[in-house]
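For reference, coords20.cif is printed below; it contains mmCIF, C-alpha atoms.
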data_model
#
loop_
_atom_site.group_PDB
_atom_site.id
_atom_site.type_symbol
_atom_site.label_atom_id
_atom_site.label_comp_id
_atom_site.auth_asym_id
_atom_site.auth_seq_id
_atom_site.Cartn_x
_atom_site.Cartn_y
_atom_site.Cartn_z
ATOM 1 C CA MET A 1 -8.425 24.489 -7.808
ATOM 2 C CA GLY A 2 -11.972 23.216 -7.519
ATOM 3 C CA THR A 3 -12.470 25.378 -4.407
ATOM 4 C CA ASN A 4 -11.325 28.468 -6.267
ATOM 5 C CA ASN A 5 -13.759 27.751 -9.072
ATOM 6 C CA GLN A 6 -16.594 27.310 -6.592
ATOM 7 C CA THR A 7 -15.639 30.601 -4.894
ATOM 8 C CA TRP A 8 -15.683 32.365 -8.253
ATOM 9 C CA MET A 9 -19.054 30.839 -9.045
ATOM 10 C CA ARG A 10 -20.539 32.236 -5.847
ATOM 11 C CA GLU A 11 -19.809 35.934 -6.346
ATOM 12 C CA PHE A 12 -18.245 38.768 -8.310
ATOM 13 C CA ILE A 13 -16.545 41.878 -6.930
ATOM 14 C CA LEU A 14 -17.596 45.194 -8.496
ATOM 15 C CA LEU A 15 -14.811 47.794 -8.453
ATOM 16 C CA GLY A 16 -17.201 50.719 -9.003
ATOM 17 C CA LEU A 17 -16.262 54.321 -9.718
ATOM 18 C CA SER A 18 -13.967 55.145 -6.827
ATOM 19 C CA SER A 19 -12.286 53.593 -3.776
ATOM 20 C CA ASP A 20 -12.108 56.920 -1.906
ATOM 21 C CA TRP A 21 -14.600 56.933 1.016
ATOM 22 C CA ASP A 22 -15.512 60.645 0.812
ATOM 23 C CA THR A 23 -16.148 60.330 -2.932
ATOM 24 C CA GLN A 24 -18.319 57.264 -2.348
ATOM 25 C CA VAL A 25 -20.430 59.057 0.272
ATOM 26 C CA SER A 26 -20.886 62.051 -2.051
ATOM 27 C CA LEU A 27 -21.879 59.735 -4.910
ATOM 28 C CA PHE A 28 -24.311 57.900 -2.612
ATOM 29 C CA VAL A 29 -26.148 61.122 -1.722
ATOM 30 C CA LEU A 30 -26.184 62.339 -5.342
ATOM 31 C CA LEU A 31 -27.373 59.031 -6.801
ATOM 32 C CA LEU A 32 -30.002 58.547 -4.098
ATOM 33 C CA VAL A 33 -31.514 61.973 -4.813
ATOM 34 C CA MET A 34 -31.451 61.335 -8.570
ATOM 35 C CA TYR A 35 -33.023 57.894 -8.166
ATOM 36 C CA LEU A 36 -35.841 59.249 -5.991
ATOM 37 C CA VAL A 37 -36.473 62.043 -8.516
ATOM 38 C CA THR A 38 -36.526 59.413 -11.298
ATOM 39 C CA VAL A 39 -39.104 57.245 -9.539
ATOM 40 C CA LEU A 40 -41.258 60.213 -8.508
ATOM 41 C CA GLY A 41 -41.084 61.930 -11.908
ATOM 42 C CA ASN A 42 -42.027 58.842 -13.899
ATOM 43 C CA PHE A 43 -44.741 57.891 -11.395
ATOM 44 C CA LEU A 44 -46.286 61.356 -11.711
ATOM 45 C CA ILE A 45 -46.210 61.170 -15.513
ATOM 46 C CA VAL A 46 -48.030 57.817 -15.456
ATOM 47 C CA LEU A 47 -50.529 59.113 -12.874
ATOM 48 C CA LEU A 48 -51.171 62.250 -14.915
ATOM 49 C CA ILE A 49 -51.829 60.232 -18.061
ATOM 50 C CA ARG A 50 -54.256 58.024 -16.151
ATOM 51 C CA LEU A 51 -56.156 60.966 -14.637
ATOM 52 C CA ASP A 52 -56.440 63.233 -17.708
ATOM 53 C CA SER A 53 -58.673 61.812 -20.447
ATOM 54 C CA ARG A 54 -57.111 64.187 -23.008
ATOM 55 C CA LEU A 55 -53.906 62.156 -22.689
ATOM 56 C CA HIS A 56 -55.576 58.824 -23.472
ATOM 57 C CA THR A 57 -53.944 58.685 -26.912
ATOM 58 C CA PRO A 58 -51.403 56.321 -28.542
ATOM 59 C CA MET A 59 -48.525 58.742 -27.894
ATOM 60 C CA TYR A 60 -49.155 58.753 -24.151
ATOM 61 C CA PHE A 61 -49.831 55.010 -24.078
ATOM 62 C CA PHE A 62 -46.289 54.526 -25.380
ATOM 63 C CA LEU A 63 -44.994 57.198 -22.989
ATOM 64 C CA THR A 64 -46.497 55.206 -20.101
ATOM 65 C CA ASN A 65 -44.567 52.164 -21.303
ATOM 66 C CA LEU A 66 -41.405 54.274 -21.569
ATOM 67 C CA SER A 67 -41.833 55.491 -17.989
ATOM 68 C CA PHE A 68 -42.190 51.913 -16.723
ATOM 69 C CA VAL A 69 -39.067 50.933 -18.654
ATOM 70 C CA ASP A 70 -37.087 53.894 -17.282
ATOM 71 C CA VAL A 71 -38.027 53.215 -13.652
ATOM 72 C CA SER A 72 -37.367 49.486 -14.048
ATOM 73 C CA TYR A 73 -33.998 50.088 -15.715
ATOM 74 C CA ALA A 74 -32.870 52.491 -12.989
ATOM 75 C CA THR A 75 -34.116 50.074 -10.313
ATOM 76 C CA SER A 76 -32.162 47.186 -11.840
ATOM 77 C CA ILE A 77 -28.892 49.078 -11.293
ATOM 78 C CA VAL A 78 -29.088 52.037 -8.886
ATOM 79 C CA PRO A 79 -30.130 50.299 -5.592
ATOM 80 C CA GLN A 80 -27.209 47.870 -5.987
ATOM 81 C CA MET A 81 -24.865 50.798 -6.686
ATOM 82 C CA LEU A 82 -26.084 52.608 -3.568
ATOM 83 C CA ALA A 83 -25.571 49.527 -1.399
ATOM 84 C CA HIS A 84 -22.046 48.995 -2.725
ATOM 85 C CA LEU A 85 -21.041 52.633 -2.238
ATOM 86 C CA LEU A 86 -21.432 52.213 1.539
ATOM 87 C CA ALA A 87 -20.246 48.582 1.736
ATOM 88 C CA ALA A 88 -16.713 47.530 2.574
ATOM 89 C CA HIS A 89 -17.060 44.246 0.645
ATOM 90 C CA LYS A 90 -18.608 45.035 -2.751
ATOM 91 C CA ALA A 91 -19.585 41.481 -3.618
ATOM 92 C CA MET A 92 -22.427 40.435 -5.882
ATOM 93 C CA PRO A 93 -23.714 36.838 -6.020
ATOM 94 C CA PHE A 94 -23.382 35.060 -9.360
ATOM 95 C CA VAL A 95 -27.167 34.719 -9.779
ATOM 96 C CA SER A 96 -27.738 38.390 -8.874
ATOM 97 C CA CYS A 97 -25.143 39.457 -11.438
ATOM 98 C CA ALA A 98 -26.786 37.360 -14.144
ATOM 99 C CA ALA A 99 -30.215 38.730 -13.199
ATOM 100 C CA GLN A 100 -28.946 42.309 -13.310
ATOM 101 C CA LEU A 101 -27.391 41.802 -16.740
ATOM 102 C CA PHE A 102 -30.618 40.228 -18.023
ATOM 103 C CA PHE A 103 -32.908 42.999 -16.765
ATOM 104 C CA SER A 104 -30.663 45.949 -17.640
ATOM 105 C CA LEU A 105 -29.844 44.639 -21.125
ATOM 106 C CA GLY A 106 -33.458 43.644 -21.750
ATOM 107 C CA LEU A 107 -34.935 46.947 -20.601
ATOM 108 C CA GLY A 108 -32.366 48.848 -22.665
ATOM 109 C CA GLY A 109 -33.379 46.884 -25.763
ATOM 110 C CA ILE A 110 -37.075 47.439 -25.029
ATOM 111 C CA GLU A 111 -36.464 51.184 -24.832
ATOM 112 C CA PHE A 112 -34.696 51.304 -28.226
ATOM 113 C CA VAL A 113 -37.562 49.497 -29.973
ATOM 114 C CA LEU A 114 -40.153 51.529 -28.078
ATOM 115 C CA LEU A 115 -38.554 54.810 -29.197
ATOM 116 C CA ALA A 116 -38.764 53.613 -32.814
ATOM 117 C CA VAL A 117 -42.453 52.783 -32.282
ATOM 118 C CA MET A 118 -42.996 56.274 -30.845
ATOM 119 C CA ALA A 119 -41.243 57.766 -33.895
ATOM 120 C CA TYR A 120 -43.679 55.898 -36.142
ATOM 121 C CA ASP A 121 -46.554 57.265 -34.049
ATOM 122 C CA ARG A 122 -45.231 60.831 -34.559
ATOM 123 C CA TYR A 123 -44.772 60.119 -38.296
ATOM 124 C CA VAL A 124 -48.441 59.131 -38.672
ATOM 125 C CA ALA A 125 -49.587 62.103 -36.529
ATOM 126 C CA VAL A 126 -47.693 64.648 -38.658
ATOM 127 C CA CYS A 127 -47.720 63.095 -42.131
ATOM 128 C CA ASP A 128 -51.177 61.506 -42.153
ATOM 129 C CA PRO A 129 -53.191 63.314 -39.441
ATOM 130 C CA LEU A 130 -56.621 62.636 -40.960
ATOM 131 C CA ARG A 131 -56.124 58.860 -40.750
ATOM 132 C CA TYR A 132 -54.205 58.912 -37.450
ATOM 133 C CA SER A 133 -56.982 57.442 -35.292
ATOM 134 C CA VAL A 134 -57.699 54.778 -37.905
ATOM 135 C CA ILE A 135 -54.064 53.684 -38.299
ATOM 136 C CA MET A 136 -52.986 53.959 -34.651
ATOM 137 C CA HIS A 137 -55.907 52.007 -33.217
ATOM 138 C CA GLY A 138 -55.785 50.284 -29.844
ATOM 139 C CA GLY A 139 -55.004 46.836 -31.228
ATOM 140 C CA LEU A 140 -51.984 48.030 -33.206
ATOM 141 C CA CYS A 141 -50.644 50.041 -30.261
ATOM 142 C CA THR A 142 -50.885 46.998 -27.986
ATOM 143 C CA ARG A 143 -49.136 44.760 -30.537
ATOM 144 C CA LEU A 144 -46.332 47.303 -31.047
ATOM 145 C CA ALA A 145 -45.815 47.612 -27.284
ATOM 146 C CA ILE A 146 -45.758 43.815 -26.861
ATOM 147 C CA THR A 147 -43.252 43.527 -29.728
ATOM 148 C CA SER A 148 -40.969 45.996 -27.953
ATOM 149 C CA TRP A 149 -41.072 44.060 -24.677
ATOM 150 C CA VAL A 150 -40.685 40.618 -26.263
ATOM 151 C CA SER A 151 -37.819 41.544 -28.632
ATOM 152 C CA GLY A 152 -35.784 43.231 -25.892
ATOM 153 C CA SER A 153 -36.372 40.370 -23.442
ATOM 154 C CA MET A 154 -35.471 37.616 -25.938
ATOM 155 C CA ASN A 155 -32.282 39.388 -26.986
ATOM 156 C CA SER A 156 -31.276 39.791 -23.345
ATOM 157 C CA LEU A 157 -32.061 36.164 -22.507
ATOM 158 C CA ILE A 158 -29.805 34.912 -25.328
ATOM 159 C CA HIS A 159 -26.904 37.216 -24.395
ATOM 160 C CA THR A 160 -27.167 36.441 -20.678
ATOM 161 C CA ALA A 161 -27.062 32.694 -21.405
ATOM 162 C CA ILE A 162 -24.035 32.794 -23.718
ATOM 163 C CA THR A 163 -22.152 35.311 -21.546
ATOM 164 C CA PHE A 164 -22.397 33.313 -18.323
ATOM 165 C CA GLN A 165 -21.375 30.101 -20.083
ATOM 166 C CA LEU A 166 -17.900 31.571 -20.678
ATOM 167 C CA PRO A 167 -15.129 30.074 -18.514
ATOM 168 C CA MET A 168 -13.960 32.893 -16.204
ATOM 169 C CA CYS A 169 -11.141 30.984 -14.441
ATOM 170 C CA THR A 170 -10.517 32.632 -11.051
ATOM 171 C CA ASN A 171 -11.068 36.221 -12.191
ATOM 172 C CA LYS A 172 -14.025 37.647 -10.283
ATOM 173 C CA TYR A 173 -13.280 41.403 -10.325
ATOM 174 C CA ILE A 174 -15.618 43.374 -12.607
ATOM 175 C CA ASP A 175 -14.173 46.791 -13.358
ATOM 176 C CA HIS A 176 -17.546 48.482 -13.718
ATOM 177 C CA ILE A 177 -20.422 49.943 -11.703
ATOM 178 C CA SER A 178 -22.713 47.010 -12.551
ATOM 179 C CA CYS A 179 -22.761 43.615 -14.261
ATOM 180 C CA GLU A 180 -22.591 45.148 -17.720
ATOM 181 C CA ILE A 181 -22.176 42.734 -20.638
ATOM 182 C CA LEU A 182 -18.858 44.048 -22.016
ATOM 183 C CA ALA A 183 -17.342 44.153 -18.535
ATOM 184 C CA VAL A 184 -18.397 40.549 -17.803
ATOM 185 C CA VAL A 185 -17.154 39.268 -21.186
ATOM 186 C CA ARG A 186 -13.712 40.745 -20.399
ATOM 187 C CA LEU A 187 -13.394 38.345 -17.451
ATOM 188 C CA ALA A 188 -13.273 35.305 -19.725
ATOM 189 C CA CYS A 189 -9.949 33.487 -20.055
ATOM 190 C CA VAL A 190 -10.796 32.266 -23.568
ATOM 191 C CA ASP A 191 -11.194 33.965 -26.932
ATOM 192 C CA THR A 192 -14.386 36.058 -26.824
ATOM 193 C CA SER A 193 -14.502 37.110 -30.483
ATOM 194 C CA SER A 194 -17.718 35.120 -31.039
ATOM 195 C CA ASN A 195 -19.366 36.938 -28.128
ATOM 196 C CA GLU A 196 -18.217 40.295 -29.478
ATOM 197 C CA ILE A 197 -19.616 39.394 -32.906
ATOM 198 C CA ALA A 198 -22.915 38.444 -31.250
ATOM 199 C CA ILE A 199 -22.971 41.786 -29.405
ATOM 200 C CA THR A 200 -22.313 43.640 -32.672
ATOM 201 C CA VAL A 201 -25.026 41.693 -34.529
ATOM 202 C CA SER A 202 -27.608 42.288 -31.803
ATOM 203 C CA SER A 203 -26.577 45.959 -31.710
ATOM 204 C CA ILE A 204 -27.302 46.196 -35.426
ATOM 205 C CA VAL A 205 -30.641 44.382 -35.099
ATOM 206 C CA LEU A 206 -31.937 45.923 -31.874
ATOM 207 C CA LEU A 207 -30.123 49.262 -31.873
ATOM 208 C CA MET A 208 -29.206 50.393 -35.371
ATOM 209 C CA THR A 209 -32.349 49.048 -37.078
ATOM 210 C CA PRO A 210 -34.705 50.984 -34.753
ATOM 211 C CA PHE A 211 -32.382 53.986 -35.028
ATOM 212 C CA CYS A 212 -32.589 53.884 -38.834
ATOM 213 C CA LEU A 213 -36.388 53.634 -38.609
ATOM 214 C CA VAL A 214 -36.369 56.698 -36.344
ATOM 215 C CA LEU A 215 -34.195 58.571 -38.874
ATOM 216 C CA LEU A 216 -36.493 57.623 -41.765
ATOM 217 C CA SER A 217 -39.546 58.703 -39.766
ATOM 218 C CA TYR A 218 -38.020 62.083 -38.956
ATOM 219 C CA ILE A 219 -36.847 62.659 -42.523
ATOM 220 C CA GLN A 220 -40.474 62.272 -43.603
ATOM 221 C CA ILE A 221 -41.701 64.371 -40.663
ATOM 222 C CA ILE A 222 -39.267 67.233 -41.410
ATOM 223 C CA SER A 223 -40.148 67.069 -45.107
ATOM 224 C CA THR A 224 -43.854 67.351 -44.238
ATOM 225 C CA ILE A 225 -43.282 70.185 -41.749
ATOM 226 C CA LEU A 226 -41.332 72.209 -44.331
ATOM 227 C CA LYS A 227 -44.313 71.970 -46.707
ATOM 228 C CA ILE A 228 -46.661 73.564 -44.160
ATOM 229 C CA GLN A 229 -47.369 77.138 -45.246
ATOM 230 C CA SER A 230 -48.107 78.846 -41.928
ATOM 231 C CA THR A 231 -45.386 79.498 -39.358
ATOM 232 C CA GLU A 232 -47.806 78.616 -36.560
ATOM 233 C CA GLY A 233 -48.593 75.298 -38.224
ATOM 234 C CA ARG A 234 -44.895 74.473 -38.507
ATOM 235 C CA LYS A 235 -44.318 75.296 -34.838
ATOM 236 C CA LYS A 236 -47.247 73.141 -33.750
ATOM 237 C CA ALA A 237 -46.050 70.188 -35.833
ATOM 238 C CA PHE A 238 -42.487 70.551 -34.535
ATOM 239 C CA HIS A 239 -43.607 70.733 -30.899
ATOM 240 C CA THR A 240 -45.438 67.407 -31.244
ATOM 241 C CA CYS A 241 -42.068 65.775 -31.978
ATOM 242 C CA ALA A 242 -39.559 67.881 -30.004
ATOM 243 C CA SER A 243 -39.798 65.909 -26.750
ATOM 244 C CA HIS A 244 -39.439 62.536 -28.429
ATOM 245 C CA LEU A 245 -36.535 63.727 -30.592
ATOM 246 C CA THR A 246 -34.658 64.986 -27.519
ATOM 247 C CA VAL A 247 -35.068 61.622 -25.771
ATOM 248 C CA VAL A 248 -33.966 59.773 -28.935
ATOM 249 C CA VAL A 249 -30.707 61.745 -29.097
ATOM 250 C CA LEU A 250 -29.972 61.026 -25.416
ATOM 251 C CA CYS A 251 -30.721 57.297 -25.535
ATOM 252 C CA TYR A 252 -29.433 56.198 -28.931
ATOM 253 C CA GLY A 253 -26.343 58.436 -28.901
ATOM 254 C CA MET A 254 -24.763 56.905 -25.796
ATOM 255 C CA ALA A 255 -25.741 53.330 -26.667
ATOM 256 C CA ILE A 256 -24.324 53.486 -30.210
ATOM 257 C CA PHE A 257 -21.096 54.983 -28.879
ATOM 258 C CA THR A 258 -20.739 52.104 -26.393
ATOM 259 C CA TYR A 259 -22.017 48.953 -28.112
ATOM 260 C CA ILE A 260 -21.843 49.185 -31.874
ATOM 261 C CA GLN A 261 -18.078 48.409 -32.002
ATOM 262 C CA PRO A 262 -17.065 46.436 -28.894
ATOM 263 C CA ARG A 263 -13.433 46.012 -30.016
ATOM 264 C CA SER A 264 -12.905 49.752 -30.420
ATOM 265 C CA SER A 265 -15.077 50.696 -27.466
ATOM 266 C CA PRO A 266 -14.238 53.622 -25.168
ATOM 267 C CA SER A 267 -12.019 53.324 -22.095
ATOM 268 C CA VAL A 268 -13.265 51.567 -18.960
ATOM 269 C CA LEU A 269 -13.771 54.910 -17.176
ATOM 270 C CA GLN A 270 -15.740 56.258 -20.139
ATOM 271 C CA GLU A 271 -17.889 53.113 -20.130
ATOM 272 C CA LYS A 272 -18.609 53.580 -16.426
ATOM 273 C CA LEU A 273 -19.604 57.228 -16.923
ATOM 274 C CA ILE A 274 -21.759 56.375 -19.946
ATOM 275 C CA SER A 275 -23.477 53.589 -17.992
ATOM 276 C CA LEU A 276 -24.035 55.981 -15.087
ATOM 277 C CA PHE A 277 -25.499 58.565 -17.470
ATOM 278 C CA TYR A 278 -27.782 56.023 -19.117
ATOM 279 C CA SER A 279 -28.949 54.310 -15.918
ATOM 280 C CA VAL A 280 -29.461 57.414 -13.767
ATOM 281 C CA LEU A 281 -29.575 60.655 -15.733
ATOM 282 C CA THR A 282 -31.621 59.631 -18.778
ATOM 283 C CA PRO A 283 -34.515 58.027 -16.795
ATOM 284 C CA MET A 284 -34.573 61.133 -14.580
ATOM 285 C CA LEU A 285 -34.587 63.568 -17.517
ATOM 286 C CA ASN A 286 -37.221 61.826 -19.668
ATOM 287 C CA PRO A 287 -40.299 62.877 -17.606
ATOM 288 C CA MET A 288 -38.848 66.390 -17.289
ATOM 289 C CA ILE A 289 -38.346 66.635 -21.048
ATOM 290 C CA TYR A 290 -41.906 65.508 -21.753
ATOM 291 C CA SER A 291 -43.267 67.903 -19.109
ATOM 292 C CA VAL A 292 -41.307 71.001 -20.123
ATOM 293 C CA ARG A 293 -41.385 70.604 -23.920
ATOM 294 C CA ASN A 294 -44.915 69.247 -24.335
ATOM 295 C CA LYS A 295 -47.876 71.649 -24.298
ATOM 296 C CA GLU A 296 -50.455 68.900 -23.674
ATOM 297 C CA VAL A 297 -48.591 67.629 -20.608
ATOM 298 C CA LYS A 298 -48.091 71.174 -19.295
ATOM 299 C CA GLY A 299 -51.793 71.841 -19.820
ATOM 300 C CA ALA A 300 -52.685 68.652 -17.952
ATOM 301 C CA TRP A 301 -50.399 69.660 -15.072
ATOM 302 C CA GLN A 302 -52.026 73.096 -14.889
ATOM 303 C CA LYS A 303 -55.499 71.540 -14.892
ATOM 304 C CA LEU A 304 -54.573 69.056 -12.163
ATOM 305 C CA LEU A 305 -52.914 71.729 -10.013
ATOM 306 C CA GLY A 306 -55.963 73.963 -10.477
ATOM 307 C CA GLN A 307 -58.244 71.161 -9.304
ATOM 308 C CA LEU A 308 -56.032 70.480 -6.293
ATOM 309 C CA THR A 309 -55.946 74.190 -5.436
ATOM 310 C CA GLY A 310 -59.739 74.316 -5.631
ATOM 311 C CA ILE A 311 -60.116 71.283 -3.362
ATOM 312 C CA THR A 312 -57.629 72.781 -0.877
ATOM 313 C CA SER A 313 -59.514 76.088 -0.842
ATOM 314 C CA LYS A 314 -62.838 74.349 -0.135
ATOM 315 C CA LEU A 315 -61.327 72.340 2.682
ATOM 316 C CA ALA A 316 -59.794 75.469 4.193
ATOM 317 C CA THR A 317 -63.166 77.273 4.209
#
Translate the structure of the given file into structure tokens.
Amino acid sequence: MGTNNQTWMREFILLGLSSDWDTQVSLFVLLLVMYLVTVLGNFLIVLLIRLDSRLHTPMYFFLTNLSFVDVSYATSIVPQMLAHLLAAHKAMPFVSCAAQLFFSLGLGGIEFVLLAVMAYDRYVAVCDPLRYSVIMHGGLCTRLAITSWVSGSMNSLIHTAITFQLPMCTNKYIDHISCEILAVVRLACVDTSSNEIAITVSSIVLLMTPFCLVLLSYIQIISTILKIQSTEGRKKAFHTCASHLTVVVLCYGMAIFTYIQPRSSPSVLQEKLISLFYSVLTPMLNPMIYSVRNKEVKGAWQKLLGQLTGITSKLAT
């Protein structure tokens, strides 16, 4: 019995999405391409913000943080998924599983708080534009960013500690694509109602509270936009928020659906697909959304491409 417990303590087995080899190879190619696009897209956004002085504003400071969070979140899950898709033995060491849960849960929490901070930034920009630079000064932006990182990390540290203290008996098979908190809690051979309550409470604090702040910000923003007399003015005000609002819907929607009521959560397959969407698709789409729907970013891209074209032409002659 002691040997079995020691074996369990050494590793978990992730069941993943499919046991069919052809499906796994297809998923490997698809996920690899999406991961590379995610890393490249977010890297280019950060580089663009660094190179263009017109983007040295609070909004793009927070967007830089969001890009780092997206790349880090995808990196905490996708490389392990890719390795397991081509591996015959899909084992994950106990410590690696705990680390993955800590980083993925922490980065997810950071993103929720960061999106609320970005909503506040858009609220000040639209509703109090004359005092925007005074309110959103460098010191405040830094403190808000630090708050996002610290709150998400502390929440994750607490949940990781209490989750991996649960007695798991000899059950080491995680029916998920990663060491996701609900999937790990299901392995316990004791009553996990206290853990589920803790998940619900943290979801309210770190998910629903920021979400409510986002809603309040956008209620004020929409109210202000509707008071603008000119159609052009309304369009300009809306476009300053469109990218962020799109990202908010993608991120908060899936997370609320998954975590706010653990006992009535979706099926295991739905959880896997939602996790796949959140860990791969959302980080890949975010830089695209901010590039396509944001005039300032598109203008910066055009300027950078123009400069590169000019340099290329000079070198050619």
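Residue nearest Phe61 of chain A, chosen from A:His84, A:Lys314, A:His137, A:Lys235 and counting all atoms listed in the file: A:His137.
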Problem - Target residues per the PyMOL selection byres ((chain A and resi 239-256) around 9), formatted as number ranges by chain - result: A: 108, 111-112, 115-116, 118-119, 122-123, 125-126, 203, 207-208, 211, 214, 218, 221, 234-238, 257-261, 274-275, 277-278, 282, 285-286, 289-295
Exercise for the section: Identify which of the residues A:Val297, A:Met81, A:Cys141, A:Met136 lies closest to Ser18 of chain A, counting all atoms listed in the file when measuring atom-to-atom distances. Expected result: A:Met81
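Of note, atom CA of Val205 of chain A and atom CA of Val134 of chain A are spaced 29.1 Å apart.
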Exercise for the section: For segment 176-183 of chain A, work out the shell of residues within 10 Å, counting only C-alpha atoms and skipping chain neighbours fewer than 5 positions away, then give it as a ChimeraX atom specification. Expected result: /A:12-18,76-78,80-81,84-85,92,94,96-102,104-105,156,159-160,163-164,188,195-196,199,258-259,262-263,265,268-269,271-273,275-276
Exercise for the section: Spell out the residues picked by the PyMOL selection byres ((chain A and resi 146-149) around 6) here, as a list in words. Expected result: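 With the PyMOL selection byres ((chain A and resi 146-149) around 6) on this model, the match is Ile110, Val113, Leu114, Arg143, Leu144, Ala145, Val150, Ser151 and Gly152 of chain A.
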Handout entry: Polymer residues at most 6 Å from Ser67 of chain A, all atoms listed in the file, same-chain spacing of 3 or more positions, as number ranges by chain
Key = A: 42, 64, 70
Completion exercise
Shortest contact to Leu27 of chain A, candidates A:Leu304, A:Leu66, A:Leu166, A:Leu82, atoms counted all atoms listed in the file, goes to A:Leu82
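Proximity ranking of A:Asp20, A:Cys212, A:Leu30, A:Asp52 relative to Lys298 of chain A places A:Asp52 first, based on all atoms listed in the file.
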Practice task
Go through A:Leu32, A:Ile228, A:Leu187, A:Leu215 and flag the residue nearest Asp175 of chain A, using all atoms listed in the file for the distances.
Solution key: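 That would be A:Leu187, the residue with the smallest distance to Asp175 of chain A.
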Problem - Nearest-residue call for Gly299 of chain A, choices A:Leu55, A:Ile222, A:Leu36, A:Val185, using all atoms listed in the file - result: A:Leu55
Practice task
Using atom CA of Ser153 of chain A and atom CA of Gly106 of chain A as the two end points, give the distance in Å to one decimal.
Solution key: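 Going from atom CA of Ser153 of chain A over to atom CA of Gly106 of chain A, I get 4.7 Å.
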Incomplete segment 34-39 of chain A brought to all heavy atoms, written out as an mmCIF file, keeping the file's coordinate frame:
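As a result, out.cif now contains:
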data_model
loop_
_atom_site.group_PDB
_atom_site.id
_atom_site.type_symbol
_atom_site.label_atom_id
_atom_site.label_comp_id
_atom_site.auth_asym_id
_atom_site.auth_seq_id
_atom_site.Cartn_x
_atom_site.Cartn_y
_atom_site.Cartn_z
ATOM 1 N N MET A 34 -31.080 61.487 -7.164
ATOM 2 C CA MET A 34 -31.451 61.335 -8.570
ATOM 3 C C MET A 34 -32.391 60.146 -8.775
ATOM 4 O O MET A 34 -33.335 60.215 -9.572
ATOM 5 C CB MET A 34 -30.188 61.170 -9.425
ATOM 6 C CG MET A 34 -29.315 62.420 -9.474
ATOM 7 S SD MET A 34 -27.779 62.183 -10.389
ATOM 8 C CE MET A 34 -28.388 62.112 -12.066
ATOM 9 N N TYR A 35 -32.161 59.073 -8.042
ATOM 10 C CA TYR A 35 -33.023 57.894 -8.166
ATOM 11 C C TYR A 35 -34.437 58.196 -7.663
ATOM 12 O O TYR A 35 -35.427 57.823 -8.307
ATOM 13 C CB TYR A 35 -32.427 56.723 -7.395
ATOM 14 C CG TYR A 35 -33.289 55.485 -7.403
ATOM 15 C CD1 TYR A 35 -33.539 54.792 -8.585
ATOM 16 C CD2 TYR A 35 -33.859 55.016 -6.221
ATOM 17 C CE1 TYR A 35 -34.330 53.653 -8.602
ATOM 18 C CE2 TYR A 35 -34.655 53.876 -6.227
ATOM 19 C CZ TYR A 35 -34.894 53.204 -7.415
ATOM 20 O OH TYR A 35 -35.688 52.074 -7.429
ATOM 21 N N LEU A 36 -34.532 58.886 -6.529
ATOM 22 C CA LEU A 36 -35.841 59.249 -5.991
ATOM 23 C C LEU A 36 -36.589 60.187 -6.933
ATOM 24 O O LEU A 36 -37.807 60.049 -7.130
ATOM 25 C CB LEU A 36 -35.685 59.892 -4.607
ATOM 26 C CG LEU A 36 -35.180 58.971 -3.492
ATOM 27 C CD1 LEU A 36 -34.954 59.759 -2.209
ATOM 28 C CD2 LEU A 36 -36.145 57.823 -3.252
ATOM 29 N N VAL A 37 -35.871 61.132 -7.540
ATOM 30 C CA VAL A 37 -36.473 62.043 -8.516
ATOM 31 C C VAL A 37 -36.959 61.258 -9.738
ATOM 32 O O VAL A 37 -38.034 61.520 -10.286
ATOM 33 C CB VAL A 37 -35.475 63.143 -8.935
ATOM 34 C CG1 VAL A 37 -36.017 63.959 -10.109
ATOM 35 C CG2 VAL A 37 -35.172 64.068 -7.762
ATOM 36 N N THR A 38 -36.157 60.268 -10.157
ATOM 37 C CA THR A 38 -36.526 59.413 -11.298
ATOM 38 C C THR A 38 -37.825 58.670 -11.040
ATOM 39 O O THR A 38 -38.747 58.690 -11.869
ATOM 40 C CB THR A 38 -35.405 58.392 -11.590
ATOM 41 O OG1 THR A 38 -34.217 59.091 -11.966
ATOM 42 C CG2 THR A 38 -35.807 57.443 -12.706
ATOM 43 N N VAL A 39 -37.906 58.018 -9.887
ATOM 44 C CA VAL A 39 -39.104 57.245 -9.539
ATOM 45 C C VAL A 39 -40.316 58.161 -9.411
ATOM 46 O O VAL A 39 -41.387 57.885 -9.964
ATOM 47 C CB VAL A 39 -38.878 56.460 -8.227
ATOM 48 C CG1 VAL A 39 -40.171 55.783 -7.782
ATOM 49 C CG2 VAL A 39 -37.771 55.435 -8.405
#
